[in-house]
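Coordinates from target.cif are shown below (mmCIF, C-alpha atoms).
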data_run
loop_
_atom_site.group_PDB
_atom_site.id
_atom_site.type_symbol
_atom_site.label_atom_id
_atom_site.label_comp_id
_atom_site.auth_asym_id
_atom_site.auth_seq_id
_atom_site.Cartn_x
_atom_site.Cartn_y
_atom_site.Cartn_z
ATOM 1 C CA MET A 1 -18.086 -21.309 -6.928
ATOM 2 C CA SER A 2 -14.569 -22.222 -8.024
ATOM 3 C CA PRO A 3 -11.571 -21.083 -5.919
ATOM 4 C CA VAL A 4 -10.293 -18.965 -8.820
ATOM 5 C CA LEU A 5 -13.585 -17.079 -9.136
ATOM 6 C CA ARG A 6 -13.729 -16.608 -5.366
ATOM 7 C CA GLY A 7 -10.159 -15.282 -5.462
ATOM 8 C CA CYS A 8 -11.115 -12.784 -8.156
ATOM 9 C CA LEU A 9 -14.092 -11.593 -6.096
ATOM 10 C CA TRP A 10 -11.892 -11.133 -3.014
ATOM 11 C CA MET A 11 -9.434 -9.145 -5.145
ATOM 12 C CA SER A 12 -12.308 -6.939 -6.271
ATOM 13 C CA GLY A 13 -12.939 -6.227 -2.586
ATOM 14 C CA ALA A 14 -9.319 -5.095 -2.221
ATOM 15 C CA ILE A 15 -9.677 -2.773 -5.218
ATOM 16 C CA LEU A 16 -12.804 -1.164 -3.765
ATOM 17 C CA SER A 17 -11.141 -0.819 -0.349
ATOM 18 C CA PHE A 18 -8.006 0.877 -1.716
ATOM 19 C CA SER A 19 -10.105 3.232 -3.842
ATOM 20 C CA ALA A 20 -12.457 4.115 -0.972
ATOM 21 C CA MET A 21 -9.468 4.826 1.271
ATOM 22 C CA ALA A 22 -8.027 7.225 -1.337
ATOM 23 C CA ILE A 23 -11.288 9.139 -1.688
ATOM 24 C CA ALA A 24 -11.879 9.341 2.069
ATOM 25 C CA GLY A 25 -8.256 10.370 2.615
ATOM 26 C CA ARG A 26 -8.529 13.238 0.156
ATOM 27 C CA GLU A 27 -11.825 14.431 1.618
ATOM 28 C CA VAL A 28 -10.645 14.365 5.239
ATOM 29 C CA SER A 29 -7.364 16.154 4.438
ATOM 30 C CA THR A 30 -9.151 19.506 4.665
ATOM 31 C CA ASN A 31 -9.476 18.984 8.428
ATOM 32 C CA LEU A 32 -6.577 16.647 9.328
ATOM 33 C CA ASP A 33 -2.937 16.497 8.216
ATOM 34 C CA THR A 34 -1.348 13.211 7.159
ATOM 35 C CA PHE A 35 0.072 12.444 10.618
ATOM 36 C CA GLU A 36 -3.328 12.968 12.215
ATOM 37 C CA ILE A 37 -4.971 10.744 9.612
ATOM 38 C CA MET A 38 -2.455 8.002 10.394
ATOM 39 C CA LEU A 39 -2.962 8.540 14.134
ATOM 40 C CA TYR A 40 -6.706 7.945 14.006
ATOM 41 C CA ARG A 41 -6.473 5.264 11.352
ATOM 42 C CA SER A 42 -3.979 3.278 13.439
ATOM 43 C CA LEU A 43 -5.979 3.729 16.651
ATOM 44 C CA ILE A 44 -9.184 2.414 15.089
ATOM 45 C CA GLY A 45 -7.252 -0.327 13.293
ATOM 46 C CA PHE A 46 -5.598 -1.348 16.573
ATOM 47 C CA LEU A 47 -8.990 -1.702 18.249
ATOM 48 C CA ILE A 48 -10.274 -3.745 15.302
ATOM 49 C CA VAL A 49 -7.264 -6.092 15.425
ATOM 50 C CA LEU A 50 -7.688 -6.608 19.185
ATOM 51 C CA ALA A 51 -11.409 -7.278 18.812
ATOM 52 C CA VAL A 52 -10.940 -9.779 15.971
ATOM 53 C CA ALA A 53 -8.044 -11.511 17.763
ATOM 54 C CA SER A 54 -10.161 -11.838 20.908
ATOM 55 C CA LEU A 55 -13.108 -13.294 18.988
ATOM 56 C CA ALA A 56 -10.862 -15.648 17.006
ATOM 57 C CA GLY A 57 -8.844 -16.674 20.061
ATOM 58 C CA THR A 58 -5.528 -15.705 18.477
ATOM 59 C CA ARG A 59 -4.256 -13.139 21.005
ATOM 60 C CA GLY A 60 -1.740 -15.742 22.127
ATOM 61 C CA ASP A 61 -0.066 -15.415 18.704
ATOM 62 C CA ILE A 62 1.190 -11.932 19.630
ATOM 63 C CA LYS A 63 4.923 -12.257 20.322
ATOM 64 C CA THR A 64 7.759 -9.886 21.241
ATOM 65 C CA ASP A 65 10.611 -12.010 19.862
ATOM 66 C CA ARG A 66 11.196 -9.892 16.746
ATOM 67 C CA LEU A 67 10.373 -6.385 17.909
ATOM 68 C CA PRO A 68 13.394 -4.773 16.147
ATOM 69 C CA LEU A 69 12.256 -6.145 12.775
ATOM 70 C CA HIS A 70 8.665 -5.097 13.508
ATOM 71 C CA LEU A 71 10.016 -1.610 14.228
ATOM 72 C CA VAL A 72 11.907 -1.418 10.909
ATOM 73 C CA ARG A 73 8.934 -2.762 8.991
ATOM 74 C CA ASN A 74 6.486 -0.332 10.546
ATOM 75 C CA LEU A 75 8.771 2.682 10.145
ATOM 76 C CA CYS A 76 8.938 1.890 6.418
ATOM 77 C CA HIS A 77 5.181 1.435 6.167
ATOM 78 C CA PHE A 78 4.376 4.497 8.297
ATOM 79 C CA THR A 79 6.626 6.703 6.161
ATOM 80 C CA ALA A 80 5.231 5.301 2.915
ATOM 81 C CA GLN A 81 1.620 5.625 4.043
ATOM 82 C CA ASN A 82 2.110 9.248 5.090
ATOM 83 C CA LEU A 83 3.704 10.031 1.737
ATOM 84 C CA TRP A 84 0.785 8.288 0.005
ATOM 85 C CA PHE A 85 -1.834 10.262 1.935
ATOM 86 C CA PHE A 86 0.035 13.469 1.100
ATOM 87 C CA ALA A 87 0.331 12.481 -2.562
ATOM 88 C CA ILE A 88 -3.407 11.910 -3.053
ATOM 89 C CA THR A 89 -4.058 15.489 -1.927
ATOM 90 C CA VAL A 90 -1.623 17.193 -4.328
ATOM 91 C CA VAL A 91 -1.231 14.776 -7.266
ATOM 92 C CA PRO A 92 -3.991 13.464 -9.585
ATOM 93 C CA LEU A 93 -5.322 10.164 -8.231
ATOM 94 C CA ALA A 94 -4.596 8.226 -11.429
ATOM 95 C CA GLN A 95 -0.965 9.359 -11.360
ATOM 96 C CA VAL A 96 -0.556 8.304 -7.717
ATOM 97 C CA PHE A 97 -2.010 4.841 -8.369
ATOM 98 C CA ALA A 98 0.002 4.366 -11.556
ATOM 99 C CA ILE A 99 3.305 5.095 -9.808
ATOM 100 C CA GLU A 100 2.253 2.988 -6.813
ATOM 101 C CA PHE A 101 2.126 -0.056 -9.111
ATOM 102 C CA SER A 102 5.935 0.087 -9.262
ATOM 103 C CA ALA A 103 6.168 -1.111 -5.634
ATOM 104 C CA PRO A 104 6.282 -4.862 -6.528
ATOM 105 C CA LEU A 105 9.154 -4.168 -8.912
ATOM 106 C CA TRP A 106 11.158 -2.338 -6.233
ATOM 107 C CA ALA A 107 10.417 -5.254 -3.904
ATOM 108 C CA LEU A 108 11.992 -7.651 -6.421
ATOM 109 C CA LEU A 109 15.243 -5.719 -6.355
ATOM 110 C CA MET A 110 15.232 -5.325 -2.555
ATOM 111 C CA SER A 111 14.592 -9.053 -2.107
ATOM 112 C CA ALA A 112 17.886 -9.793 -3.804
ATOM 113 C CA ILE A 113 19.753 -7.573 -1.326
ATOM 114 C CA ILE A 114 17.847 -8.257 1.899
ATOM 115 C CA LEU A 115 16.539 -11.804 1.411
ATOM 116 C CA ASN A 116 19.417 -13.058 -0.759
ATOM 117 C CA GLU A 117 16.950 -14.067 -3.447
ATOM 118 C CA ARG A 118 18.368 -14.631 -6.883
ATOM 119 C CA LEU A 119 18.267 -11.543 -9.109
ATOM 120 C CA THR A 120 17.264 -13.114 -12.422
ATOM 121 C CA LYS A 121 17.344 -11.520 -15.835
ATOM 122 C CA ASN A 122 13.570 -11.077 -16.004
ATOM 123 C CA ARG A 123 13.527 -9.424 -12.567
ATOM 124 C CA VAL A 124 16.175 -6.900 -13.620
ATOM 125 C CA ILE A 125 14.292 -6.140 -16.836
ATOM 126 C CA ALA A 126 11.024 -5.754 -14.908
ATOM 127 C CA GLY A 127 12.673 -3.359 -12.453
ATOM 128 C CA ILE A 128 14.181 -1.237 -15.228
ATOM 129 C CA ALA A 129 10.871 -1.170 -17.097
ATOM 130 C CA GLY A 130 9.062 -0.021 -13.953
ATOM 131 C CA PHE A 131 11.544 2.818 -13.486
ATOM 132 C CA VAL A 132 11.094 3.832 -17.130
ATOM 133 C CA GLY A 133 7.330 3.877 -16.566
ATOM 134 C CA ILE A 134 7.769 6.296 -13.655
ATOM 135 C CA LEU A 135 9.948 8.552 -15.825
ATOM 136 C CA VAL A 136 7.269 8.552 -18.546
ATOM 137 C CA ILE A 137 4.604 9.573 -16.030
ATOM 138 C CA THR A 138 6.630 12.302 -14.297
ATOM 139 C CA ARG A 139 8.627 13.453 -17.400
ATOM 140 C CA PRO A 140 11.438 15.125 -15.424
ATOM 141 C CA GLY A 141 12.882 16.752 -18.540
ATOM 142 C CA VAL A 142 9.584 18.480 -19.310
ATOM 143 C CA ASN A 143 7.916 19.045 -15.938
ATOM 144 C CA ALA A 144 9.447 20.645 -12.883
ATOM 145 C CA ILE A 145 9.886 17.833 -10.375
ATOM 146 C CA GLY A 146 9.079 18.767 -6.789
ATOM 147 C CA TRP A 147 8.030 16.947 -3.651
ATOM 148 C CA ALA A 148 4.507 16.591 -4.987
ATOM 149 C CA GLN A 149 5.687 14.448 -7.904
ATOM 150 C CA LEU A 150 8.287 12.547 -5.886
ATOM 151 C CA THR A 151 6.023 11.520 -3.013
ATOM 152 C CA PRO A 152 4.134 8.687 -4.777
ATOM 153 C CA ALA A 153 7.438 7.257 -6.058
ATOM 154 C CA LEU A 154 9.007 7.409 -2.601
ATOM 155 C CA ALA A 155 5.825 5.885 -1.154
ATOM 156 C CA ALA A 156 6.123 2.974 -3.601
ATOM 157 C CA ILE A 157 9.705 2.345 -2.466
ATOM 158 C CA GLY A 158 8.598 2.490 1.166
ATOM 159 C CA PHE A 159 5.774 0.011 0.524
ATOM 160 C CA ALA A 160 8.267 -2.287 -1.204
ATOM 161 C CA ALA A 161 10.601 -2.176 1.811
ATOM 162 C CA SER A 162 7.630 -2.901 4.051
ATOM 163 C CA ALA A 163 6.669 -5.894 1.896
ATOM 164 C CA VAL A 164 10.175 -7.347 1.989
ATOM 165 C CA THR A 165 10.458 -7.031 5.766
ATOM 166 C CA THR A 166 6.980 -8.530 6.083
ATOM 167 C CA ARG A 167 8.201 -11.570 4.195
ATOM 168 C CA LEU A 168 10.972 -11.908 6.750
ATOM 169 C CA LEU A 169 8.461 -11.666 9.588
ATOM 170 C CA THR A 170 6.103 -14.278 8.138
ATOM 171 C CA ARG A 171 8.836 -16.893 8.553
ATOM 172 C CA THR A 172 8.300 -16.820 12.327
ATOM 173 C CA GLU A 173 5.308 -14.551 13.040
ATOM 174 C CA ARG A 174 1.581 -15.121 12.613
ATOM 175 C CA ILE A 175 -0.729 -12.588 10.982
ATOM 176 C CA THR A 176 -2.274 -11.493 14.308
ATOM 177 C CA SER A 177 1.142 -10.581 15.704
ATOM 178 C CA ILE A 178 2.109 -8.699 12.530
ATOM 179 C CA MET A 179 -1.167 -6.727 12.461
ATOM 180 C CA PHE A 180 -1.007 -6.020 16.216
ATOM 181 C CA TRP A 181 2.444 -4.457 16.022
ATOM 182 C CA LEU A 182 1.603 -2.756 12.707
ATOM 183 C CA THR A 183 -1.352 -0.825 14.111
ATOM 184 C CA GLY A 184 0.096 -0.440 17.624
ATOM 185 C CA MET A 185 3.482 0.938 16.597
ATOM 186 C CA GLN A 186 2.008 3.192 13.930
ATOM 187 C CA PHE A 187 -0.434 4.611 16.461
ATOM 188 C CA VAL A 188 2.567 5.609 18.602
ATOM 189 C CA PHE A 189 4.398 7.028 15.566
ATOM 190 C CA GLY A 190 1.289 8.994 14.595
ATOM 191 C CA LEU A 191 0.823 10.305 18.127
ATOM 192 C CA ILE A 192 4.432 11.528 18.275
ATOM 193 C CA CYS A 193 4.428 13.136 14.823
ATOM 194 C CA ALA A 194 0.947 14.657 15.100
ATOM 195 C CA GLY A 195 1.569 15.919 18.633
ATOM 196 C CA ILE A 196 5.059 17.322 18.192
ATOM 197 C CA ASP A 197 3.539 20.800 17.740
ATOM 198 C CA LEU A 198 1.217 20.208 20.739
ATOM 199 C CA ASP A 199 -1.771 20.694 18.446
ATOM 200 C CA ILE A 200 -3.650 17.549 17.412
ATOM 201 C CA ALA A 201 -6.836 18.250 15.471
ATOM 202 C CA VAL A 202 -9.886 16.194 16.416
ATOM 203 C CA PRO A 203 -12.076 14.841 13.600
ATOM 204 C CA THR A 204 -15.290 16.781 13.178
ATOM 205 C CA ALA A 205 -18.649 15.057 13.287
ATOM 206 C CA ALA A 206 -18.689 15.182 9.491
ATOM 207 C CA ASN A 207 -15.165 13.754 9.115
ATOM 208 C CA LEU A 208 -15.341 10.996 11.731
ATOM 209 C CA PRO A 209 -17.177 8.601 9.374
ATOM 210 C CA LEU A 210 -14.495 9.232 6.738
ATOM 211 C CA VAL A 211 -11.695 8.510 9.214
ATOM 212 C CA THR A 212 -13.497 5.291 10.146
ATOM 213 C CA VAL A 213 -13.746 4.358 6.469
ATOM 214 C CA ILE A 214 -9.983 4.885 6.091
ATOM 215 C CA ALA A 215 -9.240 2.642 9.078
ATOM 216 C CA ILE A 216 -11.641 -0.130 8.082
ATOM 217 C CA CYS A 217 -10.592 -0.090 4.433
ATOM 218 C CA GLY A 218 -6.935 -0.249 5.451
ATOM 219 C CA VAL A 219 -7.670 -3.546 7.209
ATOM 220 C CA THR A 220 -10.114 -5.009 4.683
ATOM 221 C CA ALA A 221 -7.890 -4.214 1.681
ATOM 222 C CA HIS A 222 -5.014 -6.315 2.983
ATOM 223 C CA PHE A 223 -7.354 -9.046 4.254
ATOM 224 C CA CYS A 224 -9.043 -9.301 0.834
ATOM 225 C CA LEU A 225 -5.675 -9.337 -0.935
ATOM 226 C CA THR A 226 -4.274 -12.064 1.328
ATOM 227 C CA THR A 227 -7.441 -14.175 0.987
ATOM 228 C CA ALA A 228 -7.427 -13.798 -2.795
ATOM 229 C CA LEU A 229 -3.824 -15.012 -3.023
ATOM 230 C CA SER A 230 -4.671 -18.004 -0.847
ATOM 231 C CA LEU A 231 -7.421 -19.060 -3.272
ATOM 232 C CA ALA A 232 -5.952 -18.408 -6.708
ATOM 233 C CA PRO A 233 -2.509 -18.084 -8.351
ATOM 234 C CA ALA A 234 -0.801 -14.693 -8.247
ATOM 235 C CA SER A 235 -0.692 -14.681 -12.068
ATOM 236 C CA ILE A 236 -4.507 -14.514 -12.064
ATOM 237 C CA VAL A 237 -5.158 -12.427 -8.971
ATOM 238 C CA MET A 238 -2.553 -9.654 -9.169
ATOM 239 C CA PRO A 239 -3.367 -8.378 -12.690
ATOM 240 C CA ILE A 240 -6.924 -7.731 -11.459
ATOM 241 C CA ASP A 241 -5.429 -5.110 -9.130
ATOM 242 C CA PHE A 242 -4.497 -3.077 -12.196
ATOM 243 C CA LEU A 243 -8.221 -2.286 -12.619
ATOM 244 C CA ARG A 244 -7.671 0.190 -9.793
ATOM 245 C CA LEU A 245 -6.175 2.611 -12.311
ATOM 246 C CA PRO A 246 -9.152 3.034 -14.687
ATOM 247 C CA LEU A 247 -11.520 2.995 -11.697
ATOM 248 C CA ILE A 248 -9.676 5.735 -9.811
ATOM 249 C CA ALA A 249 -9.173 7.688 -13.053
ATOM 250 C CA ALA A 250 -12.947 7.669 -13.586
ATOM 251 C CA ILE A 251 -13.529 8.720 -9.966
ATOM 252 C CA GLY A 252 -10.960 11.510 -10.311
ATOM 253 C CA ALA A 253 -12.671 12.772 -13.461
ATOM 254 C CA LEU A 254 -16.176 12.647 -11.978
ATOM 255 C CA MET A 255 -15.450 13.959 -8.478
ATOM 256 C CA TYR A 256 -12.435 16.236 -8.971
ATOM 257 C CA SER A 257 -12.493 17.066 -12.705
ATOM 258 C CA GLU A 258 -9.057 15.484 -13.172
ATOM 259 C CA VAL A 259 -7.942 14.888 -16.747
ATOM 260 C CA LEU A 260 -6.149 11.615 -17.461
ATOM 261 C CA ASP A 261 -2.856 12.562 -19.128
ATOM 262 C CA VAL A 262 -1.813 10.341 -22.041
ATOM 263 C CA TYR A 263 1.649 10.029 -20.469
ATOM 264 C CA VAL A 264 0.096 8.670 -17.264
ATOM 265 C CA SER A 265 -1.689 6.036 -19.351
ATOM 266 C CA LEU A 266 1.495 5.163 -21.249
ATOM 267 C CA GLY A 267 3.658 5.004 -18.114
ATOM 268 C CA ALA A 268 1.046 2.929 -16.316
ATOM 269 C CA LEU A 269 0.907 0.524 -19.260
ATOM 270 C CA ILE A 270 4.692 0.037 -19.081
ATOM 271 C CA ILE A 271 4.604 -0.577 -15.310
ATOM 272 C CA ILE A 272 1.599 -2.915 -15.532
ATOM 273 C CA THR A 273 3.118 -4.890 -18.410
ATOM 274 C CA ALA A 274 6.389 -5.309 -16.509
ATOM 275 C CA ASN A 275 4.501 -6.513 -13.431
ATOM 276 C CA TYR A 276 2.309 -8.918 -15.376
ATOM 277 C CA ALA A 277 5.184 -10.388 -17.394
ATOM 278 C CA ASN A 278 7.254 -10.975 -14.262
ATOM 279 C CA ILE A 279 4.296 -12.600 -12.448
ATOM 280 C CA ARG A 280 3.726 -14.957 -15.383
ATOM 281 C CA ILE A 281 7.398 -15.941 -15.616
ATOM 282 C CA GLU A 282 7.769 -16.462 -11.843
ATOM 283 C CA THR A 283 4.557 -18.516 -11.721
ATOM 284 C CA ARG A 284 5.692 -20.784 -14.559
ATOM 285 C CA LYS A 285 9.022 -21.346 -12.823
ATOM 286 C CA SER A 286 7.368 -22.281 -9.536
#

What does the file become when written as structure tokens?
Amino acid sequence: MSPVLRGCLWMSGAILSFSAMAIAGREVSTNLDTFEIMLYRSLIGFLIVLAVASLAGTRGDIKTDRLPLHLVRNLCHFTAQNLWFFAITVVPLAQVFAIEFSAPLWALLMSAIILNERLTKNRVIAGIAGFVGILVITRPGVNAIGWAQLTPALAAIGFAASAVTTRLLTRTERITSIMFWLTGMQFVFGLICAGIDLDIAVPTAANLPLVTVIAICGVTAHFCLTTALSLAPASIVMPIDFLRLPLIAAIGALMYSEVLDVYVSLGALIIITANYANIRIETRKS
């Protein structure tokens, strides 16, 4: 099997993982709030990372040299992930995923500020196009915009900030160290936020498998994505991720009777086109 085909198959695994996490997250939200979901997800993820690191012999890669940057990165990711889990409970799944696709475009703009990367003409155009796509989906002049509609957009910005700080960390840190502090710190954040009212709900016997699915899929999604990018060019791999939208739209229609709004489709098309065009241009340059 060629590396490109293997990369595409790994990317398909990421798509299935992200979609399964969204479904499980919505189902378990009837028993747990978003902080509690993140608490249990991070705890299980932390145990998985420790187990894999022990088996692979990479526990020695865990360092404390860049704890402040780990803290910033994980605060961004924790905030974004909580907003995302909240969004999938109050906003149609297709709309959440469509807006989430703007995260790479926000990351382009942040990279220019934080990483001093050159802000080229195509990157500016891609960023503007992504913002226009969000406006088409949310239609602020027609619909009343509340927290429900803003949460997926804010989550996308948070994920972009997390991605940029991750790029900074990868210059000196190995993946085991990044994943260790990711799950460890977010477990602490989740414990504080979920326990601030001194009332932490425990997953029921029926919900425990769903919480486990969320934790496992959170790990496998990023592992599949990273593996796919190591096997095939981003210009081939990343557009496959856009299949998440029709897949989750079909799931939303079948499981939750959600209707796919034409404006969601149009806005998603704008965001996806901007992403794809920028990937192609950046790949040709490199």

Near stretch 213-234 of chain A, 12 Å: stretch 159-208 of chain A residue rows, closest pairs, all atoms listed in the file, as JSON lines:
{"residue": "A:Ala163", "atom": "CA", "partner": "A:His222", "partner_atom": "CA", "distance": 11.7}
{"residue": "A:Ile175", "atom": "CA", "partner": "A:Phe223", "partner_atom": "CA", "distance": 10.1}
{"residue": "A:Thr176", "atom": "CA", "partner": "A:Phe223", "partner_atom": "CA", "distance": 11.5}
{"residue": "A:Met179", "atom": "CA", "partner": "A:Val219", "partner_atom": "CA", "distance": 8.9}
{"residue": "A:Phe180", "atom": "CA", "partner": "A:Val219", "partner_atom": "CA", "distance": 11.5}
{"residue": "A:Leu182", "atom": "CA", "partner": "A:Val219", "partner_atom": "CA", "distance": 10.8}
{"residue": "A:Thr183", "atom": "CA", "partner": "A:Val219", "partner_atom": "CA", "distance": 9.7}
{"residue": "A:Phe187", "atom": "CA", "partner": "A:Ala215", "partner_atom": "CA", "distance": 11.7}
{"residue": "A:Asn207", "atom": "CA", "partner": "A:Val213", "partner_atom": "CA", "distance": 9.9}
{"residue": "A:Leu208", "atom": "CA", "partner": "A:Val213", "partner_atom": "CA", "distance": 8.6}

Practice problem: Return as a PyMOL selection string the set of residues that the PyMOL selection byres ((chain A and resi 131) around 12) yields on the displayed structure. | Solution: chain A and resi 98-106+109+124-130+132-139+153+156-157+267-268+270-272+274-275

Exercise. Go through A:Ala194, A:Ile178, A:Leu43, A:Leu32 one by one, measure the shortest atom-to-atom distance of each to A:Thr166 using all atoms listed in the file, and give the residue with the smallest value.
Key: A:Ile178

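Within the file as shown, the PyMOL selection byres ((chain A and resi 40) around 10) identifies Leu32, Phe35, Glu36, Ile37, Met38, Leu39, Arg41, Ser42, Leu43, Ile44, Gly45, Phe46, Gln186, Phe187, Gly190, Leu191, Val202, Pro203, Leu208, Val211, Thr212, Ile214 and Ala215 of chain A.
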
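The gap separating atom CA of A:Cys76 from atom CA of A:Gly158 is 5.3 Å, in Å to one decimal.
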
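You will find atom CA of A:His77 at 8.8 Å from atom CA of A:Ala160.
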
Self-check item: Hits of the PyMOL selection byres ((chain A and resi 16-19) around 12) in this structure, as a PyMOL selection string
Solution: chain A and resi 9-15+20-26+84-85+88+93-94+96-97+100+213-225+240-252

Listed atoms of stretch 41-54 of chain A boxed axis-aligned with 4 Å per side, centre + edges as lines of an AutoDock Vina configuration file:
center_x = -7.7
center_y = -3.3
center_z = 16.1
size_x = 15.4
size_y = 25.1
size_z = 17.6
